[in-house]
Amino acid sequence: MAQPKGTVVLAYSGGLDTSCILVWLKEQGYDVVAYLANIGQKEDFEAARKKALALGAKKVYIEDISREFVEEFIWPAVQANALYEDRYLLGTALARPCIARKLVEIAQREGAQYVAHGATGKGNDQVRFELTCYALCPNIKVVAPWRLPEFYQRFPGRRELMDYAKKYGIPVPVTPQTPWSMDENLMHISYEAGILENPKPQGRGRLLCLQPNWKFHGGPCVAGRPCRPPLPARVPVKVTNAGDGATRCSALELFVYLNDIAGKHGVGRIDIVENRFVGMKSRGIYETPAGTILYHAHLDIEAFTMDREVRKIKQGLALKFSELVYNGFWHSPECEFLRQCIGRSQEAVVGTVRLSVFKGQVYILGRESPRSLYNEELVSMNVQGDYEPADATGFININSLR
């Protein structure tokens, strides 16, 4: 038996990797505290608690961080219209700093010197977890088994992990017949690894879709929820199904409701090859139903209410924000600065968007806002309005000089 090494708080999911890592950490002499984040995934948390205790965890924390995930991480991304490489809505990247923040809090509560995670040595999550941990607690020590030769040489692949699980009686959901990794949270579901590493077409799929009408409202904080001074928080505050009148107002209820409906309509599923921060390309399949609806709704009301030149600058900020979030720099000074700038740009972004979803697509049907910059009379082809067409001659001549 290895010499005692102290207490480690493990970011535990109950999947193949972290279940085996929990047992392996015990072998190395650590007292393991398991931390499972409830971040909106469909999970039997009580069964996960019993499993972790059966595997040797001395204590198990199950923390519901869904509300703060929506309000403190997803909403800033919606405000930014954040997209990584033009397609990825950052579901996993946004979740990691939220999970890691609580990981550090529990380590401090338990007086633990160590935290551990099951992120691989080739992926982005190792960076996201650890940059957050070091930003919030610079003295913390991170145990990353997938970067330790004594671990990855013993377990060069998932088959060896499954053999280890079988040997120690560790129940895991992954089998040789379903060799892929799934990560689920309130924002999205991602599928990676195993047979999905082959980027060639895997066959044809079919999406079942209906067509409700939706109203999306963006504006100040919901009554009773504190805004973060000094800027007003222009975030989603209400969604109404125009078909049956169903309305949701709180951040978490709104997001869960949109996920349920949009998921049934096939909204937000993409199959992409992306560039990881560590320098390699990877293939992933992501499903982000509510996030996709909110992205389109916010983009529309923003175009309706935001000054053209401000919007150009804000688009550049959004690109940088997306890159920073993807790479794990949520708590960096530059990312905090960007969130403040983006928040400042949202002061006039308030109004209602009407949209429908059909066969995986989001269609904008109309919008209105008390802060609209749209002037129907000015733009009309039927009314001259406060505009002199002859002035355009000089405008064109000046622009043609070069």
# chains A, B, ... in the order shown; residues from 1 in each chain; ligands from 1
call {"tool": "select_by_dssp", "arguments": {"residues": "range 14-218 of chain A", "states": "strand (DSSP E)", "output": "number ranges by chain"}}
result
A: 30-38, 59-64, 114-116, 141-143, 181-184, 189-192, 213-218
call {"tool": "residues_around", "arguments": {"residues": "range 337-353 of chain A", "least_positions_apart": "5", "cutoff": "10 Å", "atoms": "only C-alpha atoms", "output": "ChimeraX atom specification"}}
result
/A:76-77,79-81,214-220,230-236,238-239,296-307,310-311,313-315,317-318,320-321,324,330-332,364-373
call {"tool": "residues_around", "arguments": {"residues": "Leu161 in chain A", "least_positions_apart": "5", "cutoff": "12 Å", "atoms": "only C-alpha atoms", "output": "PyMOL selection string"}}
result
chain A and resi 15-21+23-24+146+151-156+166-172+174-176+179
call {"tool": "write_last_selection", "arguments": {"atoms": "C-alpha atoms", "output": "JSON list (two decimals), in the first residue's frame"}}
result
[["chain", "number", "residue", "atom", "x", "y", "z"],
["A", 15, "GLY", "CA", -18.18, 7.81, -15.82],
["A", 16, "LEU", "CA", -15.43, 5.42, -16.87],
["A", 17, "ASP", "CA", -12.46, 7.75, -16.38],
["A", 18, "THR", "CA", -13.24, 9.32, -13.04],
["A", 19, "SER", "CA", -14.57, 6.08, -11.54],
["A", 20, "CYS", "CA", -11.29, 4.36, -12.33],
["A", 21, "ILE", "CA", -9.30, 7.42, -11.26],
["A", 23, "VAL", "CA", -9.87, 3.85, -7.23],
["A", 24, "TRP", "CA", -6.41, 4.59, -8.63],
["A", 146, "TRP", "CA", -3.83, 11.39, -17.71],
["A", 151, "PHE", "CA", -1.08, 6.25, -15.20],
["A", 152, "TYR", "CA", -1.19, 6.63, -18.98],
["A", 153, "GLN", "CA", 1.40, 3.91, -19.56],
["A", 154, "ARG", "CA", -0.71, 1.55, -17.48],
["A", 155, "PHE", "CA", -3.89, 2.67, -19.25],
["A", 156, "PRO", "CA", -2.94, 3.55, -22.84],
["A", 166, "LYS", "CA", -13.93, -5.12, -14.47],
["A", 167, "LYS", "CA", -11.08, -6.26, -12.22],
["A", 168, "TYR", "CA", -12.13, -3.96, -9.37],
["A", 169, "GLY", "CA", -15.86, -4.30, -9.88],
["A", 170, "ILE", "CA", -16.35, -0.72, -11.01],
["A", 171, "PRO", "CA", -19.69, -0.31, -12.82],
["A", 172, "VAL", "CA", -19.28, 2.00, -15.83],
["A", 174, "VAL", "CA", -19.11, 2.68, -21.42],
["A", 175, "THR", "CA", -18.68, -0.70, -23.13],
["A", 176, "PRO", "CA", -16.60, -1.86, -26.09],
["A", 179, "PRO", "CA", -16.90, 3.40, -27.12]]
call {"tool": "atom_distance", "arguments": {"atom1": "CA of Leu53 in chain A", "atom2": "CA of Val33 in chain A"}}
result
9.4 Å
call {"tool": "closest_residue", "arguments": {"among": "A:Gly360, A:Gly284, A:Asn327, A:Arg354", "to": "Val267 in chain A", "atoms": "only C-alpha atoms"}}
result
A:Gly360
call {"tool": "atom_distance", "arguments": {"atom1": "CA of Ala11 in chain A", "atom2": "CA of Asp260 in chain A"}}
result
27.2 Å
call {"tool": "residues_around", "arguments": {"residues": "Tyr114 in chain A", "least_positions_apart": "6", "cutoff": "6 Å", "atoms": "only C-alpha atoms", "output": "PyMOL selection string"}}
result
chain A and resi 8+141-142
call {"tool": "write_last_selection", "arguments": {"atoms": "N, CA, C and O atoms", "output": "mmCIF file, in the first residue's frame"}}
result
data_model
loop_
_atom_site.group_PDB
_atom_site.id
_atom_site.type_symbol
_atom_site.label_atom_id
_atom_site.label_comp_id
_atom_site.auth_asym_id
_atom_site.auth_seq_id
_atom_site.Cartn_x
_atom_site.Cartn_y
_atom_site.Cartn_z
ATOM 1 N N VAL A 8 -7.365 14.585 -1.465
ATOM 2 C CA VAL A 8 -7.548 15.144 -2.795
ATOM 3 C C VAL A 8 -9.048 15.224 -3.080
ATOM 4 O O VAL A 8 -9.795 14.301 -2.754
ATOM 5 N N LYS A 141 -2.541 22.252 -5.483
ATOM 6 C CA LYS A 141 -1.779 21.289 -6.288
ATOM 7 C C LYS A 141 -2.764 20.428 -7.070
ATOM 8 O O LYS A 141 -3.725 19.910 -6.504
ATOM 9 N N VAL A 142 -2.516 20.286 -8.357
ATOM 10 C CA VAL A 142 -3.416 19.555 -9.241
ATOM 11 C C VAL A 142 -2.835 18.188 -9.567
ATOM 12 O O VAL A 142 -1.668 18.078 -9.969
#
call {"tool": "atom_distance", "arguments": {"atom1": "CA of Thr247 in chain A", "atom2": "CA of His265 in chain A"}}
result
18.4 Å
call {"tool": "select_by_dssp", "arguments": {"residues": "range 229-400 of chain A", "states": "alpha helix (DSSP H)", "output": "VMD selection string"}}
result
chain A and resid 251 to 264 289 to 305 308 to 327 333 to 345 376 to 379 391 to 399
call {"tool": "closest_residue", "arguments": {"among": "A:Tyr88, A:Glu110, A:Leu25, A:Glu388", "to": "Glu150 in chain A", "atoms": "only C-alpha atoms"}}
result
A:Leu25
call {"tool": "closest_residue", "arguments": {"among": "A:Gln126, A:Ser13, A:Asn259, A:Thr132", "to": "Ala100 in chain A", "atoms": "only C-alpha atoms"}}
result
A:Thr132
call {"tool": "closest_residue", "arguments": {"among": "A:Asp391, A:Glu274, A:Asp125, A:Asp86", "to": "Asp183 in chain A", "atoms": "only C-alpha atoms"}}
result
A:Asp125
